[in-house]
Amino acid sequence: MPRRANHSRDDLRILAALSDIGGALGGSADLRSALERMLEKLEAGRGIARGAVFLLHEDTGEIHVEAGVGIPSNGLRARYRPGEGIVGRVVQSGRPVIVPATGREPLLLDRAFQRRASGAPEASFVAVPIAPDRRATGALAVDFPVAGKHDLQVEAHFLSVVAAMVAQALRAQRAIEDERTRLLAENVNLRSELEERYDLSNIVGTSGPMRQVYEQIAQVAQTSTTVLIRGESGTGKELIAHAIHYNSPRAKQPFVKVSCAALPDTLIESELFGYERGAFTGAQARKRGRFELAHGGTLFLDEVGELNLPTQVKLLRVLQEGEFERLGGTETLKADVRLIAATNRDLEAAMAERQFREDLYYRLNVFSIFVPPLRDRKPDVMLLADHFLIKYARQHNKRIRRIATPAIDMLMAYHWPGNVRELENTIERAVLTCDGQVIHGHHLSPTLQTAESSGTTVQVSLTDAVGQYEKDLLLDVLKSARGNCARAARLLGTTERIVSYKVRKYGIEVERFRGKGAPAAPRGRSAARAALSAPARR
Ligand SMILES: Nc1ncnc2c1ncn2[C@@H]1O[C@H](COP(=O)(O)OP(=O)(O)OP(=O)(O)O)[C@@H](O)[C@H]1O
Ligand SMILES: [Mg+2]
């Protein structure tokens, strides 16, 4: 069908203007600058004298200027209530308003456009609603100079299309913001879950040696001191590293772990310090190292005794100067990192064999925490067994209530070479194989059975076994009570006379404990908490 030439020229102009506006709205991630660009396109393409996008703030219930062109700065600060002035009416009713001559419209408040104050000539005013989800929550308003060449009905129509595009941009923006809020909330959740998981109350044990460990954690957590955690495999070194971090001022910052034994020598340096693109074959892009990732937080170097000598030199430099470079890089980076290292290796022996640098040893060994093997804290075995029983019964949905006495005896008699990790595995296995409400001896792993049948428990008479346990318990409590028999008696719920009698019976030298050892902390799982909340002593 043939069309009149000037019509199609107008259509083309409108299409070009719309395409321009679409580009402006989609061209920036920042909503305000996208709206400003859009208004500038209206200025250039449609000849508006001034214009603004107004948005309703859901919380305050006020309408404000989100973006404007051609209006003075005090106009940009204008506020309206829904229903107030023409802009307020458009937002409230969701219908467009056309004012052919601004000078003759008493409802026009002139708050945002400031025509009178700036001495602007009379104009025509058009305002259309912006409705991202059916309900209007904003308005697009513009002034046309009253030269008369504008068909205001056509312009209102055109502006409605633009307002629909703005609404679309607002929806997209809101989706991005919702996603960000969701991610943030999820992150906060994950963090608090983590904090809870590594809360001190998750460390079980009230034996003297463990109380000492709690005190040390409490002493050092608030500082930025380098900590070296030592102890056999499976004693809980990593748990303690977490506890230090989550009880430190860096708790909200990252906790980054590097397993020095798990990485081959060729990878460890690039893992720790990162590398620049092209630093070696295969380095296709820059990679940040764990030191950078841990910035502001804590870096946990697990199995630090396994580090090779060249990496030890680099690590020493970071500890001494707080600086490092990425592999193949020239830029010197600052490291604001608290270092916690752990090892089950005999570092002194490694030093003697020249496998561990002496200078690094002294840098790491500023504050060391020794986690005793489980066989040296027998009173904790039952507490830990109960703790893991509750944990795994819940995890595997079983209603197991207790551990039978013979099974307890087996747990107590065993020497636990794999420490707490082995005990944890034993209890999980028992929970899985147990089909009743009680864990019996035959639910425990074969190694414990052999220990028992090979005679570790059977060859010992009941009196001797009880006596040994009584002595261990006494030693433990006397250590906590610093050799004070009256205090030890109170902790054990017995009399001082009985304690003194047993001390003589077992030939315990009470003086050994006077003046050292940890002071008595409350019994039960809260011991760790109590140690943390009390001011550091000793
Ligand atoms: N005192 C404790 N209370 C509760 N759980 C503990 C305790 N000590 C250790 N565990 C648990 O025992 C397991 C082993 O602990 P962890 O990994 O911290 O040991 P580790 O000393 O780092 O061992 P490795 O030297 O083999 O790395 C973990 O599941 C940990 O949660
Ligand atoms: Mg570990």
# chains A, B, ... in the order shown; residues from 1 in each chain; ligands from 1
>>> residues_around(residues="Ile14 in chain A", least_positions_apart="3", cutoff="12 Å", atoms="only C-alpha atoms", output="VMD selection string")
chain A and resid 7 to 11 17 to 21 41 to 42 45 to 46 154 to 155 157 to 159 161 to 162
>>> residues_around(residues="range 303-305 of chain A", least_positions_apart="4", cutoff="12 Å", atoms="only C-alpha atoms", output="VMD selection string")
chain A and resid 227 to 233 237 to 238 257 to 263 268 299 309 311 to 312 315 339 to 351 354 to 358 360 to 361 364 to 365
>>> residues_near_ligand(ligand="ligand 1", cutoff="9 Å", atoms="only C-alpha atoms and all ligand atoms", output="CSV table (one decimal) with N, CA and C atoms, in the first residue's frame")
chain,number,residue,atom,x,y,z
A,198,TYR,N,32.4,-23.6,63.9
A,198,TYR,CA,33.7,-23.5,64.5
A,198,TYR,C,33.7,-22.8,65.8
A,201,SER,N,32.5,-23.9,71.4
A,201,SER,CA,31.7,-24.9,72.1
A,201,SER,C,31.7,-26.2,71.3
A,202,ASN,N,32.2,-26.2,70.1
A,202,ASN,CA,32.3,-27.4,69.3
A,202,ASN,C,33.5,-28.2,69.6
A,203,ILE,N,34.4,-27.6,70.3
A,203,ILE,CA,35.6,-28.4,70.7
A,203,ILE,C,35.2,-29.0,72.1
A,204,VAL,N,35.2,-30.4,72.0
A,204,VAL,CA,34.8,-31.1,73.2
A,204,VAL,C,36.0,-31.5,74.0
A,205,GLY,N,35.9,-31.5,75.3
A,205,GLY,CA,36.9,-32.0,76.2
A,205,GLY,C,37.1,-31.1,77.4
A,210,MET,N,43.3,-30.1,77.7
A,210,MET,CA,42.5,-29.3,76.8
A,210,MET,C,42.1,-28.0,77.4
A,229,ILE,N,50.5,-24.6,65.5
A,229,ILE,CA,49.7,-25.6,66.3
A,229,ILE,C,50.4,-27.0,66.0
A,230,ARG,N,50.8,-27.7,67.1
A,230,ARG,CA,51.5,-28.9,66.9
A,230,ARG,C,50.7,-30.0,67.6
A,231,GLY,N,50.9,-31.2,67.1
A,231,GLY,CA,50.2,-32.4,67.7
A,231,GLY,C,50.1,-33.5,66.6
A,232,GLU,N,49.8,-34.7,67.1
A,232,GLU,CA,49.7,-35.8,66.2
A,232,GLU,C,48.5,-35.6,65.2
A,233,SER,N,48.5,-36.5,64.2
A,233,SER,CA,47.5,-36.5,63.2
A,233,SER,C,46.1,-36.8,63.9
A,234,GLY,N,45.1,-36.0,63.6
A,234,GLY,CA,43.8,-36.3,64.1
A,234,GLY,C,43.5,-35.8,65.5
A,235,THR,N,44.4,-34.9,66.0
A,235,THR,CA,44.1,-34.4,67.4
A,235,THR,C,43.2,-33.2,67.4
A,236,GLY,N,42.9,-32.6,66.3
A,236,GLY,CA,42.0,-31.4,66.3
A,236,GLY,C,42.7,-30.1,66.0
A,237,LYS,N,43.9,-30.2,65.2
A,237,LYS,CA,44.6,-29.0,65.0
A,237,LYS,C,43.8,-28.0,64.1
A,238,GLU,N,43.2,-28.6,63.1
A,238,GLU,CA,42.4,-27.7,62.2
A,238,GLU,C,41.3,-27.1,62.9
A,239,LEU,N,40.6,-27.8,63.7
A,239,LEU,CA,39.5,-27.3,64.5
A,239,LEU,C,39.9,-26.1,65.3
A,240,ILE,N,41.1,-26.2,65.9
A,240,ILE,CA,41.6,-25.1,66.8
A,240,ILE,C,42.0,-23.9,65.9
A,241,ALA,N,42.6,-24.2,64.7
A,241,ALA,CA,42.9,-23.0,63.8
A,241,ALA,C,41.6,-22.3,63.5
A,242,HIS,N,40.5,-23.0,63.2
A,242,HIS,CA,39.2,-22.4,62.9
A,242,HIS,C,38.7,-21.6,64.1
A,259,SER,N,46.9,-26.7,52.1
A,259,SER,CA,47.5,-28.0,52.6
A,259,SER,C,48.8,-28.2,51.9
A,302,ASP,N,48.5,-25.7,56.5
A,302,ASP,CA,48.4,-27.0,57.2
A,302,ASP,C,49.6,-27.8,56.7
A,303,GLU,N,50.1,-28.6,57.6
A,303,GLU,CA,51.3,-29.5,57.4
A,303,GLU,C,52.5,-28.6,56.9
A,342,ALA,N,50.2,-25.4,61.0
A,342,ALA,CA,50.0,-26.6,61.8
A,342,ALA,C,51.0,-27.7,61.3
A,343,THR,N,51.4,-28.5,62.2
A,343,THR,CA,52.2,-29.6,61.7
A,343,THR,C,52.2,-30.8,62.7
A,344,ASN,N,52.4,-32.0,62.2
A,344,ASN,CA,52.5,-33.1,63.1
A,344,ASN,C,53.9,-33.6,63.0
A,371,VAL,N,48.6,-29.7,70.9
A,371,VAL,CA,47.4,-30.5,71.1
A,371,VAL,C,47.8,-31.9,71.5
A,374,LEU,N,45.1,-38.2,72.1
A,374,LEU,CA,43.9,-38.6,72.9
A,374,LEU,C,44.3,-39.5,74.0
A,380,ASP,N,38.5,-37.3,78.3
A,380,ASP,CA,37.8,-36.8,77.2
A,380,ASP,C,37.2,-37.8,76.3
A,383,LEU,N,33.4,-38.1,76.7
A,383,LEU,CA,32.7,-36.9,76.3
A,383,LEU,C,32.7,-36.9,74.8
A,384,LEU,N,33.8,-37.1,74.2
A,384,LEU,CA,33.9,-37.1,72.7
A,384,LEU,C,33.0,-38.2,72.1
A,387,HIS,N,29.5,-37.0,72.3
A,387,HIS,CA,29.3,-35.9,71.3
A,387,HIS,C,29.1,-36.5,69.9
A,388,PHE,N,30.0,-37.4,69.5
A,388,PHE,CA,29.9,-38.0,68.1
A,388,PHE,C,28.7,-38.9,68.0
A,418,GLY,N,45.1,-43.0,66.1
A,418,GLY,CA,44.6,-42.1,65.1
A,418,GLY,C,43.8,-40.9,65.8
A,419,ASN,N,43.9,-40.9,67.1
A,419,ASN,CA,43.4,-39.8,67.9
A,419,ASN,C,41.9,-39.5,67.7
A,420,VAL,N,41.5,-38.2,67.8
A,420,VAL,CA,40.0,-38.0,67.8
A,420,VAL,C,39.4,-38.4,66.4
A,421,ARG,N,40.2,-38.2,65.3
A,421,ARG,CA,39.6,-38.6,64.0
A,421,ARG,C,39.2,-40.1,64.0
A,422,GLU,N,40.1,-40.9,64.6
A,422,GLU,CA,39.8,-42.3,64.7
A,422,GLU,C,38.6,-42.6,65.6
A,423,LEU,N,38.5,-41.9,66.7
A,423,LEU,CA,37.3,-42.1,67.6
A,423,LEU,C,36.0,-41.7,66.8
A,424,GLU,N,36.1,-40.6,66.1
A,424,GLU,CA,35.0,-40.1,65.4
A,424,GLU,C,34.5,-41.2,64.4
A,425,ASN,N,35.5,-41.7,63.6
A,425,ASN,CA,35.1,-42.7,62.6
A,425,ASN,C,34.6,-44.0,63.3
>>> closest_residue(among="A:Leu108, A:Leu448, A:Leu301, A:Val99", to="ligand 2", atoms="only C-alpha atoms and all ligand atoms")
A:Leu301
>>> select_by_dssp(residues="range 178-306 of chain A", states="strand (DSSP E)", output="JSON, numbers by chain")
{"A": [227, 228, 229, 230, 255, 256, 257, 258, 259, 274, 275, 287, 288, 298, 299, 300, 301, 302]}
>>> write_last_selection(atoms="all heavy atoms", output="short mmCIF file (atom, residue, chain, number, x, y, z; two decimals), in the first residue's frame")
data_model
loop_
_atom_site.label_atom_id
_atom_site.label_comp_id
_atom_site.auth_asym_id
_atom_site.auth_seq_id
_atom_site.Cartn_x
_atom_site.Cartn_y
_atom_site.Cartn_z
N VAL A 227 50.59 -18.21 64.87
CA VAL A 227 50.40 -19.33 65.79
C VAL A 227 50.85 -20.62 65.13
O VAL A 227 50.57 -20.85 63.95
CB VAL A 227 48.91 -19.46 66.21
CG1 VAL A 227 48.73 -20.62 67.18
CG2 VAL A 227 48.41 -18.17 66.83
N LEU A 228 51.58 -21.42 65.87
CA LEU A 228 51.99 -22.74 65.37
C LEU A 228 51.27 -23.79 66.21
O LEU A 228 51.41 -23.83 67.43
CB LEU A 228 53.50 -22.89 65.51
CG LEU A 228 54.08 -24.22 65.05
CD1 LEU A 228 53.84 -24.44 63.56
CD2 LEU A 228 55.58 -24.29 65.35
N ILE A 229 50.46 -24.61 65.55
CA ILE A 229 49.71 -25.64 66.27
C ILE A 229 50.38 -26.98 66.01
O ILE A 229 50.58 -27.37 64.86
CB ILE A 229 48.25 -25.70 65.81
CG1 ILE A 229 47.62 -24.30 65.88
CG2 ILE A 229 47.44 -26.66 66.66
CD1 ILE A 229 46.22 -24.24 65.32
N ARG A 230 50.75 -27.65 67.08
CA ARG A 230 51.46 -28.91 66.93
C ARG A 230 50.69 -30.03 67.58
O ARG A 230 49.94 -29.82 68.52
CB ARG A 230 52.85 -28.78 67.55
CG ARG A 230 53.56 -27.57 67.03
CD ARG A 230 54.95 -27.47 67.52
NE ARG A 230 55.75 -28.58 67.02
CZ ARG A 230 57.07 -28.62 67.17
NH1 ARG A 230 57.68 -27.66 67.81
NH2 ARG A 230 57.75 -29.63 66.70
N PHE A 255 38.89 -17.05 55.81
CA PHE A 255 39.80 -18.04 56.40
C PHE A 255 40.21 -18.92 55.23
O PHE A 255 39.38 -19.58 54.62
CB PHE A 255 39.06 -18.87 57.45
CG PHE A 255 39.90 -19.97 58.05
CD1 PHE A 255 40.66 -19.76 59.19
CD2 PHE A 255 39.93 -21.24 57.48
CE1 PHE A 255 41.44 -20.77 59.74
CE2 PHE A 255 40.70 -22.26 58.03
CZ PHE A 255 41.45 -22.02 59.16
N VAL A 256 41.49 -18.86 54.86
CA VAL A 256 41.93 -19.59 53.67
C VAL A 256 42.92 -20.67 54.09
O VAL A 256 43.87 -20.39 54.82
CB VAL A 256 42.59 -18.62 52.66
CG1 VAL A 256 43.16 -19.38 51.48
CG2 VAL A 256 41.58 -17.58 52.19
N LYS A 257 42.67 -21.89 53.62
CA LYS A 257 43.52 -23.01 54.03
C LYS A 257 44.39 -23.48 52.87
O LYS A 257 43.92 -23.54 51.73
CB LYS A 257 42.63 -24.15 54.51
CG LYS A 257 43.41 -25.40 54.82
CD LYS A 257 42.51 -26.57 55.13
CE LYS A 257 43.31 -27.86 55.01
NZ LYS A 257 42.60 -29.04 55.43
N VAL A 258 45.65 -23.74 53.15
CA VAL A 258 46.53 -24.36 52.15
C VAL A 258 47.10 -25.63 52.77
O VAL A 258 47.68 -25.59 53.85
CB VAL A 258 47.71 -23.45 51.79
CG1 VAL A 258 48.53 -24.06 50.66
CG2 VAL A 258 47.24 -22.07 51.39
N SER A 259 46.91 -26.74 52.08
CA SER A 259 47.46 -28.00 52.55
C SER A 259 48.82 -28.19 51.90
O SER A 259 48.90 -28.58 50.75
CB SER A 259 46.54 -29.13 52.12
OG SER A 259 46.03 -29.72 53.24
N GLY A 274 50.40 -16.81 43.76
CA GLY A 274 49.74 -16.47 42.51
C GLY A 274 50.75 -16.28 41.40
O GLY A 274 51.95 -16.37 41.61
N TYR A 275 50.26 -16.03 40.18
CA TYR A 275 51.20 -15.79 39.09
C TYR A 275 50.61 -14.81 38.07
O TYR A 275 49.39 -14.58 38.05
CB TYR A 275 51.60 -17.09 38.39
CG TYR A 275 50.45 -17.97 37.96
CD1 TYR A 275 49.73 -17.71 36.80
CD2 TYR A 275 50.10 -19.09 38.71
CE1 TYR A 275 48.69 -18.53 36.41
CE2 TYR A 275 49.06 -19.92 38.33
CZ TYR A 275 48.35 -19.64 37.17
OH TYR A 275 47.32 -20.44 36.79
N LYS A 287 46.62 -15.24 38.00
CA LYS A 287 45.89 -15.93 39.05
C LYS A 287 46.32 -15.39 40.41
O LYS A 287 47.50 -15.19 40.66
CB LYS A 287 46.20 -17.43 38.99
CG LYS A 287 45.34 -18.24 39.94
CD LYS A 287 45.62 -19.70 39.71
CE LYS A 287 45.36 -20.53 40.84
NZ LYS A 287 44.90 -20.96 41.83
N ARG A 288 45.34 -15.11 41.25
CA ARG A 288 45.68 -14.60 42.57
C ARG A 288 46.02 -15.75 43.50
O ARG A 288 45.40 -16.80 43.45
CB ARG A 288 44.50 -13.81 43.14
CG ARG A 288 44.11 -12.65 42.23
CD ARG A 288 43.38 -11.57 42.94
NE ARG A 288 42.16 -12.04 43.56
CZ ARG A 288 41.61 -11.46 44.61
NH1 ARG A 288 42.17 -10.41 45.15
NH2 ARG A 288 40.50 -11.93 45.11
N THR A 298 42.71 -14.71 57.67
CA THR A 298 43.68 -15.65 58.21
C THR A 298 44.08 -16.66 57.14
O THR A 298 43.24 -17.14 56.40
CB THR A 298 43.05 -16.41 59.40
OG1 THR A 298 42.59 -15.47 60.36
CG2 THR A 298 44.05 -17.37 60.04
N LEU A 299 45.39 -16.95 57.08
CA LEU A 299 45.86 -18.00 56.18
C LEU A 299 46.30 -19.17 57.04
O LEU A 299 47.12 -19.01 57.94
CB LEU A 299 47.03 -17.49 55.33
CG LEU A 299 47.55 -18.49 54.31
CD1 LEU A 299 46.56 -18.65 53.17
CD2 LEU A 299 48.89 -18.06 53.75
N PHE A 300 45.71 -20.34 56.78
CA PHE A 300 46.05 -21.53 57.56
C PHE A 300 46.94 -22.43 56.72
O PHE A 300 46.51 -22.99 55.72
CB PHE A 300 44.77 -22.25 57.98
CG PHE A 300 45.01 -23.54 58.71
CD1 PHE A 300 45.94 -23.62 59.74
CD2 PHE A 300 44.31 -24.68 58.38
CE1 PHE A 300 46.16 -24.82 60.42
CE2 PHE A 300 44.52 -25.88 59.05
CZ PHE A 300 45.45 -25.94 60.08
N LEU A 301 48.21 -22.54 57.12
CA LEU A 301 49.16 -23.40 56.40
C LEU A 301 49.21 -24.74 57.10
O LEU A 301 49.86 -24.89 58.13
CB LEU A 301 50.55 -22.77 56.44
CG LEU A 301 50.85 -21.64 55.48
CD1 LEU A 301 52.30 -21.21 55.62
CD2 LEU A 301 50.57 -22.06 54.05
N ASP A 302 48.46 -25.69 56.53
CA ASP A 302 48.41 -27.00 57.17
C ASP A 302 49.62 -27.81 56.74
O ASP A 302 50.07 -27.69 55.61
CB ASP A 302 47.10 -27.69 56.76
CG ASP A 302 46.70 -28.75 57.77
OD1 ASP A 302 47.38 -28.86 58.80
OD2 ASP A 302 45.71 -29.45 57.52
#
>>> decode(residues="range 316-332 of chain A", atoms="N, CA, C and O atoms", output="PDB file, in the first residue's frame")
ATOM      1  N   LEU A 316      59.344 -17.018  54.432  1.00  0.00           N
ATOM      2  CA  LEU A 316      60.068 -16.256  55.437  1.00  0.00           C
ATOM      3  C   LEU A 316      60.041 -14.767  55.089  1.00  0.00           C
ATOM      4  O   LEU A 316      59.827 -13.911  55.938  1.00  0.00           O
ATOM      5  N   ARG A 317      60.208 -14.467  53.807  1.00  0.00           N
ATOM      6  CA  ARG A 317      60.233 -13.067  53.395  1.00  0.00           C
ATOM      7  C   ARG A 317      58.872 -12.412  53.660  1.00  0.00           C
ATOM      8  O   ARG A 317      58.785 -11.287  54.147  1.00  0.00           O
ATOM      9  N   VAL A 318      57.782 -13.120  53.353  1.00  0.00           N
ATOM     10  CA  VAL A 318      56.457 -12.541  53.622  1.00  0.00           C
ATOM     11  C   VAL A 318      56.300 -12.300  55.113  1.00  0.00           C
ATOM     12  O   VAL A 318      55.784 -11.256  55.537  1.00  0.00           O
ATOM     13  N   LEU A 319      56.763 -13.234  55.926  1.00  0.00           N
ATOM     14  CA  LEU A 319      56.607 -13.081  57.370  1.00  0.00           C
ATOM     15  C   LEU A 319      57.444 -11.926  57.894  1.00  0.00           C
ATOM     16  O   LEU A 319      57.044 -11.215  58.807  1.00  0.00           O
ATOM     17  N   GLN A 320      58.620 -11.725  57.297  1.00  0.00           N
ATOM     18  CA  GLN A 320      59.505 -10.674  57.787  1.00  0.00           C
ATOM     19  C   GLN A 320      59.098  -9.300  57.270  1.00  0.00           C
ATOM     20  O   GLN A 320      59.079  -8.337  58.013  1.00  0.00           O
ATOM     21  N   GLU A 321      58.782  -9.237  55.990  1.00  0.00           N
ATOM     22  CA  GLU A 321      58.553  -7.926  55.379  1.00  0.00           C
ATOM     23  C   GLU A 321      57.102  -7.644  55.060  1.00  0.00           C
ATOM     24  O   GLU A 321      56.750  -6.527  54.699  1.00  0.00           O
ATOM     25  N   GLY A 322      56.258  -8.643  55.154  1.00  0.00           N
ATOM     26  CA  GLY A 322      54.842  -8.449  54.852  1.00  0.00           C
ATOM     27  C   GLY A 322      54.619  -8.150  53.378  1.00  0.00           C
ATOM     28  O   GLY A 322      53.639  -7.513  53.012  1.00  0.00           O
ATOM     29  N   GLU A 323      55.534  -8.578  52.516  1.00  0.00           N
ATOM     30  CA  GLU A 323      55.433  -8.278  51.086  1.00  0.00           C
ATOM     31  C   GLU A 323      55.735  -9.510  50.257  1.00  0.00           C
ATOM     32  O   GLU A 323      56.480 -10.380  50.689  1.00  0.00           O
ATOM     33  N   PHE A 324      55.190  -9.541  49.052  1.00  0.00           N
ATOM     34  CA  PHE A 324      55.525 -10.637  48.132  1.00  0.00           C
ATOM     35  C   PHE A 324      55.181 -10.203  46.713  1.00  0.00           C
ATOM     36  O   PHE A 324      54.554  -9.168  46.500  1.00  0.00           O
ATOM     37  N   GLU A 325      55.645 -10.991  45.726  1.00  0.00           N
ATOM     38  CA  GLU A 325      55.295 -10.748  44.328  1.00  0.00           C
ATOM     39  C   GLU A 325      54.642 -11.994  43.769  1.00  0.00           C
ATOM     40  O   GLU A 325      54.947 -13.105  44.192  1.00  0.00           O
ATOM     41  N   ARG A 326      53.763 -11.782  42.776  1.00  0.00           N
ATOM     42  CA  ARG A 326      53.234 -12.947  42.080  1.00  0.00           C
ATOM     43  C   ARG A 326      54.365 -13.534  41.229  1.00  0.00           C
ATOM     44  O   ARG A 326      55.273 -12.813  40.817  1.00  0.00           O
ATOM     45  N   LEU A 327      54.296 -14.834  40.922  1.00  0.00           N
ATOM     46  CA  LEU A 327      55.307 -15.452  40.068  1.00  0.00           C
ATOM     47  C   LEU A 327      55.314 -14.749  38.711  1.00  0.00           C
ATOM     48  O   LEU A 327      54.250 -14.552  38.117  1.00  0.00           O
ATOM     49  N   GLY A 328      56.489 -14.344  38.252  1.00  0.00           N
ATOM     50  CA  GLY A 328      56.595 -13.666  36.972  1.00  0.00           C
ATOM     51  C   GLY A 328      56.130 -12.218  37.033  1.00  0.00           C
ATOM     52  O   GLY A 328      56.001 -11.566  36.006  1.00  0.00           O
ATOM     53  N   GLY A 329      55.884 -11.695  38.234  1.00  0.00           N
ATOM     54  CA  GLY A 329      55.381 -10.331  38.362  1.00  0.00           C
ATOM     55  C   GLY A 329      56.423  -9.403  38.948  1.00  0.00           C
ATOM     56  O   GLY A 329      57.386  -9.853  39.585  1.00  0.00           O
ATOM     57  N   THR A 330      56.250  -8.087  38.729  1.00  0.00           N
ATOM     58  CA  THR A 330      57.197  -7.135  39.270  1.00  0.00           C
ATOM     59  C   THR A 330      56.544  -6.303  40.364  1.00  0.00           C
ATOM     60  O   THR A 330      57.228  -5.705  41.192  1.00  0.00           O
ATOM     61  N   GLU A 331      55.222  -6.277  40.375  1.00  0.00           N
ATOM     62  CA  GLU A 331      54.488  -5.475  41.349  1.00  0.00           C
ATOM     63  C   GLU A 331      54.621  -6.124  42.733  1.00  0.00           C
ATOM     64  O   GLU A 331      54.409  -7.328  42.880  1.00  0.00           O
ATOM     65  N   THR A 332      55.011  -5.303  43.737  1.00  0.00           N
ATOM     66  CA  THR A 332      55.130  -5.842  45.089  1.00  0.00           C
ATOM     67  C   THR A 332      53.808  -5.676  45.819  1.00  0.00           C
ATOM     68  O   THR A 332      53.256  -4.573  45.872  1.00  0.00           O
TER      69      THR A 332
END
